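Shown below: entry-v9.txt, with compact mmCIF, C-alpha atoms and all ligand atoms.
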# COMPACT_ATOMS: atom_id res chain seq x y z
CA MET A 1 48.02 135.32 104.53
CA LYS A 2 51.32 136.22 102.88
CA LYS A 3 52.05 139.92 103.13
CA THR A 4 54.03 142.09 100.74
CA PHE A 5 56.94 144.08 102.18
CA VAL A 6 55.92 147.11 100.13
CA THR A 7 52.71 149.16 100.16
CA ARG A 8 50.60 149.95 97.12
CA GLU A 9 51.32 153.67 97.55
CA LYS A 10 55.06 153.06 97.53
CA LEU A 11 54.82 150.85 94.45
CA GLU A 12 52.80 153.47 92.63
CA GLU A 13 55.50 155.99 93.45
CA ILE A 14 58.27 153.66 92.21
CA THR A 15 56.42 152.74 89.01
CA THR A 16 56.12 156.41 87.98
CA ALA A 17 59.92 156.39 87.60
CA VAL A 18 60.77 152.72 86.98
CA PRO A 19 58.58 150.91 84.44
CA THR A 20 57.31 147.42 85.27
CA PRO A 21 58.38 144.68 85.36
CA PHE A 22 61.19 144.85 87.93
CA HIS A 23 62.47 142.92 90.92
CA LEU A 24 62.18 144.78 94.21
CA TYR A 25 64.29 143.91 97.29
CA ASP A 26 63.70 144.63 100.96
CA GLU A 27 66.81 145.99 102.69
CA LYS A 28 65.30 145.68 106.15
CA GLY A 29 64.38 142.02 105.66
CA ILE A 30 67.78 141.11 104.21
CA ARG A 31 69.64 142.77 107.08
CA GLU A 32 67.48 141.33 109.87
CA ASN A 33 67.78 137.82 108.44
CA ALA A 34 71.57 138.06 107.88
CA LYS A 35 71.95 139.18 111.50
CA ALA A 36 69.79 136.28 112.70
CA VAL A 37 71.93 133.79 110.76
CA LYS A 38 75.11 135.21 112.28
CA GLU A 39 73.65 135.03 115.79
CA ALA A 40 72.27 131.51 115.33
CA PHE A 41 75.77 130.15 114.71
CA ALA A 42 77.72 132.57 116.93
CA TRP A 43 78.46 129.64 119.29
CA ASN A 44 80.90 128.36 116.65
CA PRO A 45 83.85 130.78 116.55
CA GLY A 46 84.90 129.93 112.99
CA PHE A 47 81.40 130.14 111.53
CA ARG A 48 80.89 131.80 108.18
CA GLU A 49 78.02 131.98 105.71
CA TYR A 50 79.26 132.05 102.11
CA PHE A 51 76.35 133.49 100.18
CA ALA A 52 75.64 131.43 97.04
CA VAL A 53 76.23 134.12 94.43
CA LYS A 54 74.20 132.24 91.80
CA ALA A 55 71.05 132.90 93.83
CA ASN A 56 71.34 136.66 93.40
CA PRO A 57 74.46 138.18 91.88
CA ASN A 58 73.62 141.81 92.63
CA PRO A 59 76.66 143.61 94.13
CA THR A 60 74.62 146.04 96.24
CA LEU A 61 72.89 143.13 97.98
CA ILE A 62 75.99 140.96 98.35
CA LYS A 63 78.01 143.80 99.84
CA MET A 64 75.18 144.28 102.33
CA LEU A 65 75.61 140.63 103.40
CA GLY A 66 79.34 141.28 103.64
CA GLU A 67 78.56 143.67 106.52
CA TYR A 68 77.42 140.60 108.47
CA ASP A 69 80.72 138.84 107.76
CA CYS A 70 79.35 136.73 104.89
CA GLY A 71 81.66 135.53 102.15
CA CYS A 72 80.83 134.43 98.60
CA ASP A 73 80.21 130.93 97.31
CA CYS A 74 81.07 130.87 93.61
CA SER A 75 80.80 128.24 90.89
CA SER A 76 81.97 130.01 87.75
CA LEU A 77 84.57 132.42 86.41
CA THR A 78 82.26 135.45 86.33
CA GLU A 79 81.01 134.78 89.87
CA LEU A 80 84.65 134.72 91.01
CA MET A 81 85.38 137.93 89.10
CA LEU A 82 82.34 139.66 90.59
CA SER A 83 83.24 138.56 94.12
CA GLU A 84 86.78 139.81 93.70
CA ALA A 85 85.55 143.14 92.34
CA MET A 86 83.30 143.52 95.39
CA GLY A 87 86.35 143.17 97.62
CA PHE A 88 86.02 139.53 98.64
CA ALA A 89 89.20 137.49 98.46
CA GLY A 90 91.12 134.74 100.23
CA ASN A 91 89.13 132.77 102.78
CA LYS A 92 86.04 134.91 102.06
CA ILE A 93 85.64 132.99 98.80
CA MET A 94 84.46 129.41 98.53
CA PHE A 95 84.71 127.87 95.07
CA SER A 96 82.15 125.03 95.00
CA SER A 97 82.04 124.25 91.31
CA ASN A 98 81.58 121.10 89.26
CA VAL A 99 82.79 120.15 85.77
CA THR A 100 85.31 122.94 86.34
CA PRO A 101 87.35 124.39 83.47
CA ALA A 102 91.08 124.78 84.19
CA GLU A 103 91.02 128.58 83.89
CA GLU A 104 88.41 128.77 86.65
CA TYR A 105 90.62 126.84 89.06
CA GLU A 106 93.47 129.16 88.07
CA TYR A 107 91.38 132.23 88.82
CA ALA A 108 90.09 130.85 92.13
CA ALA A 109 93.65 130.05 93.21
CA LYS A 110 94.91 133.46 92.06
CA ILE A 111 92.47 135.28 94.37
CA GLY A 112 93.19 132.85 97.20
CA GLY A 113 89.70 131.29 97.31
CA ILE A 114 89.06 127.95 99.03
CA ILE A 115 88.69 125.23 96.41
CA ASN A 116 86.04 122.58 97.01
CA LEU A 117 86.62 119.57 94.72
CA ASP A 118 83.55 117.91 93.25
CA ASP A 119 85.36 114.75 92.16
CA ILE A 120 88.43 112.64 92.92
CA THR A 121 89.68 112.99 89.33
CA HIS A 122 89.94 116.73 89.89
CA ILE A 123 92.93 116.21 92.18
CA ASP A 124 95.25 115.43 89.25
CA PHE A 125 93.49 118.00 87.11
CA LEU A 126 94.02 120.70 89.75
CA GLU A 127 97.65 119.71 90.33
CA LYS A 128 98.36 119.87 86.60
CA THR A 129 96.55 123.21 86.34
CA LEU A 130 98.16 124.95 89.33
CA GLY A 131 101.46 123.08 89.50
CA SER A 132 100.69 122.05 93.09
CA ILE A 133 97.82 121.38 95.50
CA PRO A 134 96.74 124.30 97.71
CA LYS A 135 97.48 123.97 101.44
CA THR A 136 93.77 124.32 102.25
CA ILE A 137 91.40 122.13 100.25
CA SER A 138 87.87 120.82 100.51
CA CYS A 139 86.03 117.82 99.05
CA ARG A 140 82.36 117.43 98.25
CA TYR A 141 80.66 114.32 99.61
CA ASN A 142 77.77 112.30 98.18
CA PRO A 143 76.63 109.42 100.43
CA GLY A 144 74.40 107.96 97.68
CA GLY A 145 71.01 106.39 98.38
CA LEU A 146 68.13 108.45 99.70
CA PHE A 147 68.43 111.21 102.25
CA LYS A 148 65.63 110.71 104.79
CA ILE A 149 64.38 112.47 107.87
CA SER A 150 62.30 109.98 109.90
CA ASN A 151 60.27 108.41 107.09
CA ASP A 152 60.24 111.44 104.82
CA ILE A 153 62.43 111.26 101.75
CA MET A 154 64.11 114.64 101.51
CA ASP A 155 66.04 114.06 98.33
CA ASN A 156 67.87 111.50 96.24
CA PRO A 157 71.67 111.98 96.43
CA GLY A 158 72.17 108.63 94.67
CA ASP A 159 70.73 110.24 91.56
CA SER A 160 72.72 113.45 91.75
CA LYS A 161 75.83 114.28 89.74
CA TYR A 162 77.63 115.98 92.61
CA GLY A 163 80.30 114.86 95.01
CA MET A 164 82.42 111.81 95.78
CA THR A 165 81.45 108.42 97.17
CA THR A 166 82.48 107.55 100.73
CA GLU A 167 85.37 105.38 99.53
CA GLN A 168 86.57 108.05 97.11
CA LEU A 169 86.48 110.68 99.85
CA PHE A 170 88.86 108.67 102.05
CA ASP A 171 91.18 108.06 99.07
CA ALA A 172 90.98 111.72 98.06
CA PHE A 173 92.02 112.92 101.52
CA LYS A 174 94.98 110.52 101.60
CA LEU A 175 96.08 111.55 98.12
CA LEU A 176 95.70 115.26 98.81
CA LYS A 177 97.75 114.91 101.98
CA GLU A 178 100.53 113.13 100.06
CA LYS A 179 100.48 115.99 97.60
CA GLY A 180 100.97 118.59 100.32
CA ALA A 181 97.52 119.64 101.54
CA GLU A 182 97.49 120.53 105.25
CA GLU A 183 93.98 121.75 106.13
CA PHE A 184 90.86 119.93 104.98
CA GLY A 185 87.20 120.69 104.57
CA ILE A 186 84.15 118.51 103.90
CA HIS A 187 81.11 119.74 102.00
CA ALA A 188 77.74 118.19 101.16
CA PHE A 189 74.47 119.42 99.72
CA LEU A 190 71.93 116.63 100.09
CA ALA A 191 68.48 118.24 99.84
CA SER A 192 67.08 121.39 98.31
CA ASN A 193 64.56 123.92 99.68
CA THR A 194 63.93 122.05 102.93
CA VAL A 195 61.20 123.60 105.06
CA THR A 196 62.06 121.82 108.29
CA ASN A 197 64.40 122.76 111.12
CA GLU A 198 65.75 119.17 111.00
CA TYR A 199 67.69 119.30 107.74
CA TYR A 200 70.90 120.98 108.87
CA PRO A 201 71.15 119.01 112.15
CA MET A 202 70.61 115.71 110.25
CA LEU A 203 73.18 116.65 107.62
CA ALA A 204 75.55 117.83 110.36
CA LYS A 205 75.32 114.43 112.07
CA VAL A 206 76.25 112.62 108.85
CA LEU A 207 79.17 114.98 108.17
CA PHE A 208 80.43 115.17 111.77
CA GLU A 209 80.53 111.37 112.11
CA LEU A 210 82.28 111.15 108.78
CA ALA A 211 84.78 113.84 109.83
CA VAL A 212 85.72 111.92 112.99
CA LYS A 213 86.37 108.75 110.93
CA LEU A 214 88.25 110.65 108.24
CA GLN A 215 90.55 112.40 110.69
CA LYS A 216 91.23 109.12 112.53
CA GLU A 217 91.89 107.00 109.45
CA THR A 218 93.74 109.47 107.26
CA GLY A 219 95.42 111.72 109.84
CA CYS A 220 94.18 114.73 107.87
CA HIS A 221 93.42 117.81 109.93
CA ILE A 222 89.82 118.81 109.38
CA LYS A 223 89.51 122.55 109.61
CA PHE A 224 85.95 123.12 108.48
CA ILE A 225 82.67 121.43 107.63
CA ASN A 226 80.49 123.10 105.05
CA LEU A 227 76.75 122.43 105.36
CA SER A 228 76.20 124.21 102.04
CA GLY A 229 72.70 125.35 100.97
CA GLY A 230 69.29 123.76 100.97
CA VAL A 231 67.63 125.63 103.84
CA GLY A 232 64.31 126.57 102.34
CA VAL A 233 61.72 129.31 102.51
CA PRO A 234 57.91 129.10 102.70
CA TYR A 235 56.67 129.75 99.18
CA THR A 236 53.08 128.71 99.92
CA PRO A 237 50.87 130.53 102.43
CA ASP A 238 50.45 127.39 104.58
CA ALA A 239 54.18 126.57 104.88
CA LYS A 240 55.86 127.30 108.19
CA PRO A 241 59.07 129.32 107.94
CA ASN A 242 62.30 127.74 109.15
CA ASP A 243 63.56 129.05 112.46
CA ILE A 244 67.26 129.71 111.99
CA ARG A 245 67.83 129.94 115.75
CA ALA A 246 66.36 126.45 116.22
CA ILE A 247 68.46 125.21 113.31
CA GLY A 248 71.63 126.70 114.83
CA GLU A 249 70.81 125.12 118.19
CA GLY A 250 70.09 121.76 116.54
CA VAL A 251 73.50 121.81 114.86
CA ARG A 252 75.17 122.84 118.13
CA LYS A 253 73.69 119.81 119.91
CA VAL A 254 75.09 117.42 117.31
CA TYR A 255 78.43 119.25 117.36
CA GLU A 256 78.66 118.73 121.13
CA GLU A 257 77.58 115.10 120.83
CA VAL A 258 79.91 114.08 118.02
CA LEU A 259 82.81 116.47 117.42
CA VAL A 260 83.63 117.73 120.91
CA PRO A 261 84.10 114.24 122.48
CA ALA A 262 86.35 113.31 119.53
CA GLY A 263 88.62 116.25 120.37
CA MET A 264 87.41 118.14 117.30
CA GLY A 265 85.81 121.09 119.08
CA GLU A 266 87.80 123.54 116.97
CA VAL A 267 86.21 122.66 113.65
CA ALA A 268 84.67 125.69 111.92
CA LEU A 269 81.22 125.48 110.38
CA TYR A 270 80.42 127.04 107.05
CA THR A 271 77.14 127.43 105.20
CA GLU A 272 76.45 128.39 101.58
CA MET A 273 72.85 129.46 101.74
CA GLY A 274 71.32 131.30 98.82
CA ARG A 275 67.56 130.89 99.00
CA PHE A 276 67.32 131.41 102.75
CA MET A 277 69.38 134.61 102.62
CA MET A 278 67.43 136.33 99.86
CA GLY A 279 64.33 134.42 98.69
CA PRO A 280 61.61 136.10 100.77
CA TYR A 281 63.20 139.54 100.51
CA GLY A 282 62.58 139.99 96.81
CA CYS A 283 59.46 140.17 94.67
CA LEU A 284 58.66 140.62 91.01
CA VAL A 285 56.44 143.61 90.31
CA THR A 286 54.40 143.39 87.15
CA LYS A 287 51.31 144.96 85.61
CA ALA A 288 48.22 143.23 84.22
CA ILE A 289 48.06 144.35 80.58
CA HIS A 290 45.66 141.91 78.91
CA GLU A 291 42.75 139.70 79.82
CA LYS A 292 41.52 136.88 77.69
CA HIS A 293 38.39 134.77 77.96
CA ILE A 294 38.55 131.48 76.03
CA TYR A 295 38.27 128.00 77.53
CA LYS A 296 39.90 129.43 80.62
CA GLU A 297 40.35 132.92 82.05
CA TYR A 298 43.78 134.44 81.41
CA ILE A 299 45.49 137.48 82.80
CA GLY A 300 48.50 138.54 80.74
CA CYS A 301 51.17 140.59 82.47
CA ASP A 302 54.24 142.49 81.35
CA ALA A 303 56.64 140.08 83.09
CA CYS A 304 57.31 136.61 81.69
CA ALA A 305 59.37 133.50 82.48
CA VAL A 306 62.49 135.41 81.43
CA ASN A 307 62.08 137.43 84.64
CA LEU A 308 61.17 134.44 86.79
CA MET A 309 61.76 130.97 85.46
CA ARG A 310 60.89 128.81 88.47
CA PRO A 311 57.17 128.30 87.73
CA ALA A 312 57.88 127.34 84.10
CA MET A 313 60.90 125.20 84.97
CA TYR A 314 59.79 123.38 88.12
CA GLY A 315 56.08 124.14 88.34
CA ALA A 316 57.09 126.12 91.42
CA TYR A 317 54.43 127.96 93.41
CA HIS A 318 54.92 131.70 93.84
CA HIS A 319 52.26 133.56 95.76
CA ILE A 320 50.61 136.50 94.01
CA THR A 321 49.13 139.61 95.64
CA VAL A 322 46.93 141.95 93.61
CA MET A 323 47.93 145.30 95.08
CA GLY A 324 45.07 147.25 96.62
CA LYS A 325 42.86 144.13 96.67
CA GLU A 326 44.49 142.37 99.62
CA ASN A 327 41.17 142.04 101.41
CA ALA A 328 38.95 141.39 98.39
CA PRO A 329 37.47 137.88 98.06
CA CYS A 330 39.49 135.45 95.91
CA ASP A 331 36.52 134.52 93.75
CA HIS A 332 38.10 134.48 90.29
CA LYS A 333 40.08 131.58 88.86
CA TYR A 334 42.93 132.68 86.58
CA ASP A 335 45.97 131.52 84.71
CA VAL A 336 48.42 134.39 85.10
CA THR A 337 50.72 134.36 82.09
CA GLY A 338 53.65 136.07 80.41
CA SER A 339 54.07 136.72 76.69
CA LEU A 340 56.58 134.05 75.66
CA CYS A 341 55.64 131.76 72.79
CA GLU A 342 55.76 128.87 75.25
CA ASN A 343 52.63 127.54 76.90
CA ASN A 344 54.46 126.94 80.17
CA ASP A 345 55.03 130.68 80.56
CA LYS A 346 52.54 130.87 83.42
CA PHE A 347 53.17 132.33 86.86
CA ALA A 348 50.03 130.68 88.21
CA ILE A 349 47.57 128.09 86.96
CA ASP A 350 43.96 127.91 88.18
CA ARG A 351 44.83 130.37 90.94
CA MET A 352 41.95 131.86 92.95
CA LEU A 353 42.50 135.62 93.07
CA PRO A 354 40.44 138.79 93.43
CA LYS A 355 39.01 140.16 90.18
CA ILE A 356 41.96 141.64 88.27
CA ASP A 357 41.51 144.82 86.25
CA MET A 358 43.82 146.02 83.54
CA GLY A 359 46.56 148.17 85.02
CA ASP A 360 46.49 146.40 88.39
CA LEU A 361 49.92 145.88 89.91
CA LEU A 362 50.69 142.26 90.78
CA VAL A 363 53.36 141.33 93.27
CA ILE A 364 54.84 137.87 92.72
CA HIS A 365 56.39 136.87 96.03
CA ASP A 366 59.70 135.28 97.04
CA THR A 367 61.76 136.03 93.95
CA GLY A 368 64.85 137.21 95.83
CA ALA A 369 66.78 134.01 95.14
CA HIS A 370 66.96 132.10 91.84
CA GLY A 371 64.66 134.79 90.36
CA PHE A 372 66.41 137.47 88.32
CA SER A 373 69.55 135.33 88.29
CA MET A 374 67.95 132.49 86.32
CA GLY A 375 66.88 135.00 83.66
CA TYR A 376 67.50 134.47 79.99
CA ASN A 377 66.68 136.17 76.71
CA TYR A 378 64.28 133.81 74.96
CA ASN A 379 61.97 135.45 72.42
CA GLY A 380 64.37 138.39 72.53
CA LYS A 381 62.92 139.44 75.86
CA LEU A 382 65.09 141.73 77.93
CA LYS A 383 66.03 141.34 81.58
CA SER A 384 64.36 143.71 84.01
CA ALA A 385 65.72 146.31 86.41
CA GLU A 386 66.38 145.53 90.07
CA VAL A 387 65.31 148.05 92.70
CA LEU A 388 66.13 148.23 96.41
CA LEU A 389 63.53 149.41 98.89
CA LYS A 390 65.73 150.93 101.57
CA GLU A 391 65.26 150.89 105.30
CA ASP A 392 64.41 154.62 105.33
CA GLY A 393 61.58 154.04 102.83
CA SER A 394 63.38 155.49 99.82
CA TYR A 395 64.30 153.37 96.83
CA GLN A 396 67.31 152.93 94.56
CA VAL A 397 67.75 151.27 91.17
CA ILE A 398 70.55 148.75 91.77
CA ARG A 399 70.58 147.35 88.24
CA ARG A 400 69.13 149.04 85.18
CA ALA A 401 66.90 147.14 82.78
CA GLU A 402 68.49 145.71 79.64
CA THR A 403 68.00 147.67 76.45
CA PRO A 404 67.93 146.31 72.88
CA ARG A 405 71.52 147.46 72.60
CA ASP A 406 72.53 145.04 75.37
CA TYR A 407 70.71 142.25 73.58
CA PHE A 408 72.58 142.91 70.33
CA ALA A 409 75.95 143.72 71.95
CA THR A 410 77.55 140.41 71.02
CA LEU A 411 76.87 141.22 67.36
CA ASP A 412 78.75 144.51 67.55
CA GLU A 413 81.15 143.54 64.77
CA THR A 414 78.37 142.86 62.27
CA PRO A 415 76.95 145.22 59.62
CA GLU A 416 73.44 144.74 61.08
CA TYR A 417 74.53 146.06 64.47
CA LYS A 418 76.27 149.03 62.87
CA LYS A 419 73.11 149.79 60.89
CA MET A 420 70.96 149.69 64.03
CA PHE A 421 73.27 151.54 66.40
CA GLY A 422 75.91 153.28 64.28
CA ASN A 423 79.62 152.74 64.55
CA ASP A 424 80.36 154.18 68.01
C1 LIG B 1 72.83 126.26 94.71
C2 LIG B 1 73.93 126.03 95.66
C3 LIG B 1 73.89 126.60 96.94
C4 LIG B 1 72.73 127.41 97.44
O1 LIG B 1 71.59 126.68 97.55
P1 LIG B 1 70.25 127.27 98.22
O2 LIG B 1 69.30 126.15 98.12
O3 LIG B 1 69.89 128.46 97.40
O4 LIG B 1 70.58 127.63 99.60
C5 LIG B 1 74.96 126.37 97.77
N1 LIG B 1 76.03 125.64 97.38
C6 LIG B 1 76.11 125.09 96.16
C7 LIG B 1 77.32 124.30 95.80
C8 LIG B 1 75.06 125.26 95.27
O5 LIG B 1 75.13 124.68 94.06

Is it possible to give me this structure as structure tokens?
Amino acid sequence: MKKTFVTREKLEEITTAVPTPFHLYDEKGIRENAKAVKEAFAWNPGFREYFAVKANPNPTLIKMLGEYDCGCDCSSLTELMLSEAMGFAGNKIMFSSNVTPAEEYEYAAKIGGIINLDDITHIDFLEKTLGSIPKTISCRYNPGGLFKISNDIMDNPGDSKYGMTTEQLFDAFKLLKEKGAEEFGIHAFLASNTVTNEYYPMLAKVLFELAVKLQKETGCHIKFINLSGGVGVPYTPDAKPNDIRAIGEGVRKVYEEVLVPAGMGEVALYTEMGRFMMGPYGCLVTKAIHEKHIYKEYIGCDACAVNLMRPAMYGAYHHITVMGKENAPCDHKYDVTGSLCENNDKFAIDRMLPKIDMGDLLVIHDTGAHGFSMGYNYNGKLKSAEVLLKEDGSYQVIRRAETPRDYFATLDETPEYKKMFGND
């Protein structure tokens, strides 16, 4: 059974002050996990996790990760700006973007971030933009084909828009070296949301072997290898959580087998996890406000896909707990829906749950990553607040909910806006 990190009593207290829906985060869980990640890779002196800001761009949470030596992995101008404002700069910033506008490279370089190039054509583009190539530079690799573990297909890099081919990577390193680069990194992201302890070690083997060849053939000094994201979390009740200590040990074994004998035992390892750092430590709290009995049974709640897009976008499973009914039999079959004028605005389809009464609080699990951050404003819906449940049991609003004024803010020069909100 999947448990909530918050009690019904606590939620009732929070909802007297903060109206539903909102995302709630678990400080204790975030801290314990960040510490475990740091310890799992402590054997590698240069190790750093660069938290993928896109997964959850809340400054309170990211600064918390910063206490465990995490940096920020950014892929856009505003993510870079936010990271800088939070006090991250220099080698604490990884810029793993694609289809990158010139001004974003300029900004990344200005704050001293490490630039990770998605394509070989970006070398000239970057040189033209900055006037020179940074001394430290990274390239993103795409081996093509299928990425398999034993006989399981994990993902299909051959179909993905990211990274350079093997041949391009060798050419890119040579070219970058000619243009003045001195320290090199390799990056690859080959499978998403993997719930197996084998993914990172398998990826590490591919990248470590490649690194040995690259250093030999090009003479480039490889300073770091970036395993990127893709370490998953158990969304369904039957899935087994990844064991980050086992993953760290698995990577260490490959490191000692491949890099150390090649005289590359100084190479630093980086990760850019988003989902694994935050996913399980957030939930979406919503209230059942309508029930409808037609050809199916529907429960309508005050959250919608704007607050959590993954079910609508990917058909993703998110577990639901009806607060106060944790031990009641799941003998009702419901579609749990939001209010968007889109029939895919459903958090659950044909889900067996306890009988839901109007006013019941529903907790939608595992929304800490790619939850709030994927939000949008369709149907004029507003983004929710974010609340932190602190280690001492108190809570803090760490982002207020949007108001209509926020929604209309980009119209502030128009007569309609002035009529609604005045001239101030
Ligand atoms: C999305 C992304 C990540 C994080 O992925 P998770 O699956 O959330 O760990 C890391 N790096 C890059 C370049 C990404 O695009």

Here CA of Ser97 (chain A) and CA of Ala52 (chain A) stand apart by 11.2 Å

Considering only C-alpha atoms, return as a PyMOL selection string whatever protein or nucleic-acid residues lie within 8 Å of region 153-170 of chain A, sequence-local ones (same chain, fewer than 6 positions apart) excluded. chain A and resi 98+117-120+139-147+188+190-192+194+214+218

Go through A:Ser228, A:Thr321, A:Thr7, A:Thr286 one by one, measure the shortest atom-to-atom distance of each to ligand LIG 1 (chain B) using only C-alpha atoms and all ligand atoms, and give the residue with the smallest value.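 For ligand LIG 1 (chain B), the nearest of the candidates is A:Ser228.
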
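Counting all atoms listed in the file, the residue from A:Tyr255, A:Phe276, A:Phe173, A:Phe41 that sits nearest to ligand LIG 1 (chain B) is A:Phe276.
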
Compile the contact shell of Arg351 (chain A) as an NGL selection string: residues with an atom at most 10 Å away, counting all atoms listed in the file, same-chain residues fewer than 5 positions apart removed. :A and (319-320 or 330-336)

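By all atoms listed in the file, and with residues fewer than 3 positions from Glu67 (chain A) along its chain excluded, the set lying at most 12 Å from it is Ile30, Arg31, Glu32, Ala34, Lys35, Lys38, Glu49, Thr60, Leu61, Ile62, Lys63, Met64, Cys70, Gly71, Gly87 and Phe88 of chain A.
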
Under the rule of at most 8 Å, produce a per-residue listing of chain A near ligand LIG 1 (chain B): chain, number, name, the closest pair of atoms, and the distance in Å, as a tab-separated table, using all atoms listed in the file.
residue	atom	partner	partner_atom	distance
A:Phe51	CA	B:LIG1	C4	7.6
A:Ala52	CA	B:LIG1	C4	5.0
A:Lys54	CA	B:LIG1	C1	6.8
A:Ala55	CA	B:LIG1	O3	5.8
A:Asp73	CA	B:LIG1	N1	6.7
A:Cys74	CA	B:LIG1	C7	7.9
A:Ser75	CA	B:LIG1	C7	7.2
A:Ser96	CA	B:LIG1	C7	4.9
A:Ser97	CA	B:LIG1	C7	6.5
A:Phe189	CA	B:LIG1	N1	6.8
A:Ser192	CA	B:LIG1	O2	5.3
A:Asn193	CA	B:LIG1	O2	5.5
A:Ser228	CA	B:LIG1	N1	4.9
A:Gly229	CA	B:LIG1	O4	3.4
A:Gly230	CA	B:LIG1	O2	3.7
A:Val231	CA	B:LIG1	O4	5.5
A:Gly232	CA	B:LIG1	O2	6.5
A:Thr271	CA	B:LIG1	C5	7.8
A:Glu272	CA	B:LIG1	C5	4.6
A:Met273	CA	B:LIG1	O4	3.6
A:Gly274	CA	B:LIG1	O3	3.5
A:Arg275	CA	B:LIG1	O3	3.7
A:Phe276	CA	B:LIG1	O4	5.9
A:Met277	CA	B:LIG1	O4	7.7
A:Ala369	CA	B:LIG1	O3	6.8
A:His370	CA	B:LIG1	O3	7.3

Keeping C-alpha atoms, export the residues of the selection given above as a JSON list (two decimals), in the coordinates of the input.
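Contents of part-v2.json, as written:
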[["chain", "number", "residue", "atom", "x", "y", "z"],
["A", 51, "PHE", "CA", 76.35, 133.49, 100.18],
["A", 52, "ALA", "CA", 75.64, 131.43, 97.04],
["A", 54, "LYS", "CA", 74.20, 132.24, 91.80],
["A", 55, "ALA", "CA", 71.05, 132.90, 93.83],
["A", 73, "ASP", "CA", 80.21, 130.93, 97.31],
["A", 74, "CYS", "CA", 81.07, 130.87, 93.61],
["A", 75, "SER", "CA", 80.80, 128.24, 90.89],
["A", 96, "SER", "CA", 82.15, 125.03, 95.00],
["A", 97, "SER", "CA", 82.04, 124.25, 91.31],
["A", 189, "PHE", "CA", 74.47, 119.42, 99.72],
["A", 192, "SER", "CA", 67.08, 121.39, 98.31],
["A", 193, "ASN", "CA", 64.56, 123.92, 99.68],
["A", 228, "SER", "CA", 76.20, 124.21, 102.04],
["A", 229, "GLY", "CA", 72.70, 125.35, 100.97],
["A", 230, "GLY", "CA", 69.29, 123.76, 100.97],
["A", 231, "VAL", "CA", 67.63, 125.63, 103.84],
["A", 232, "GLY", "CA", 64.31, 126.57, 102.34],
["A", 271, "THR", "CA", 77.14, 127.43, 105.20],
["A", 272, "GLU", "CA", 76.45, 128.39, 101.58],
["A", 273, "MET", "CA", 72.85, 129.46, 101.74],
["A", 274, "GLY", "CA", 71.32, 131.30, 98.82],
["A", 275, "ARG", "CA", 67.56, 130.89, 99.00],
["A", 276, "PHE", "CA", 67.32, 131.41, 102.75],
["A", 277, "MET", "CA", 69.38, 134.61, 102.62],
["A", 369, "ALA", "CA", 66.78, 134.01, 95.14],
["A", 370, "HIS", "CA", 66.96, 132.10, 91.84]]

So what do you get for CA of Val306 (chain A) versus CA of Ala401 (chain A), distance-wise?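 According to the coordinates, CA of Val306 (chain A) and CA of Ala401 (chain A) are separated by 12.6 Å.
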
Got a sec: who's within 9 Å of Phe5 (chain A), counting only C-alpha atoms, leaving out chain neighbours fewer than 4 positions off, as a count of residues only? 6

Residues within 8 Å of Leu77 (chain A), all atoms listed in the file, excluding chain neighbours under 4 positions, as number ranges by chain: A: 81, 103-104, 107

Suppose you want the space between CA of Lys28 (chain A) and CA of Gly90 (chain A); what is it in Å?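 Answer for the CA of Lys28 (chain A) to CA of Gly90 (chain A) separation: 28.7 Å.
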
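You can rank A:Gly324, A:Gly265, A:Pro101, A:Pro19 by their closest distance to Asn44 (chain A) using all atoms listed in the file, and at the top of that list sits A:Gly265.
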
Using all atoms listed in the file, which residue out of A:Met86, A:Leu269, A:Cys220, A:Ile133 lies closest to Gly180 (chain A)?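 Selected residue with least distance to Gly180 (chain A): A:Ile133.
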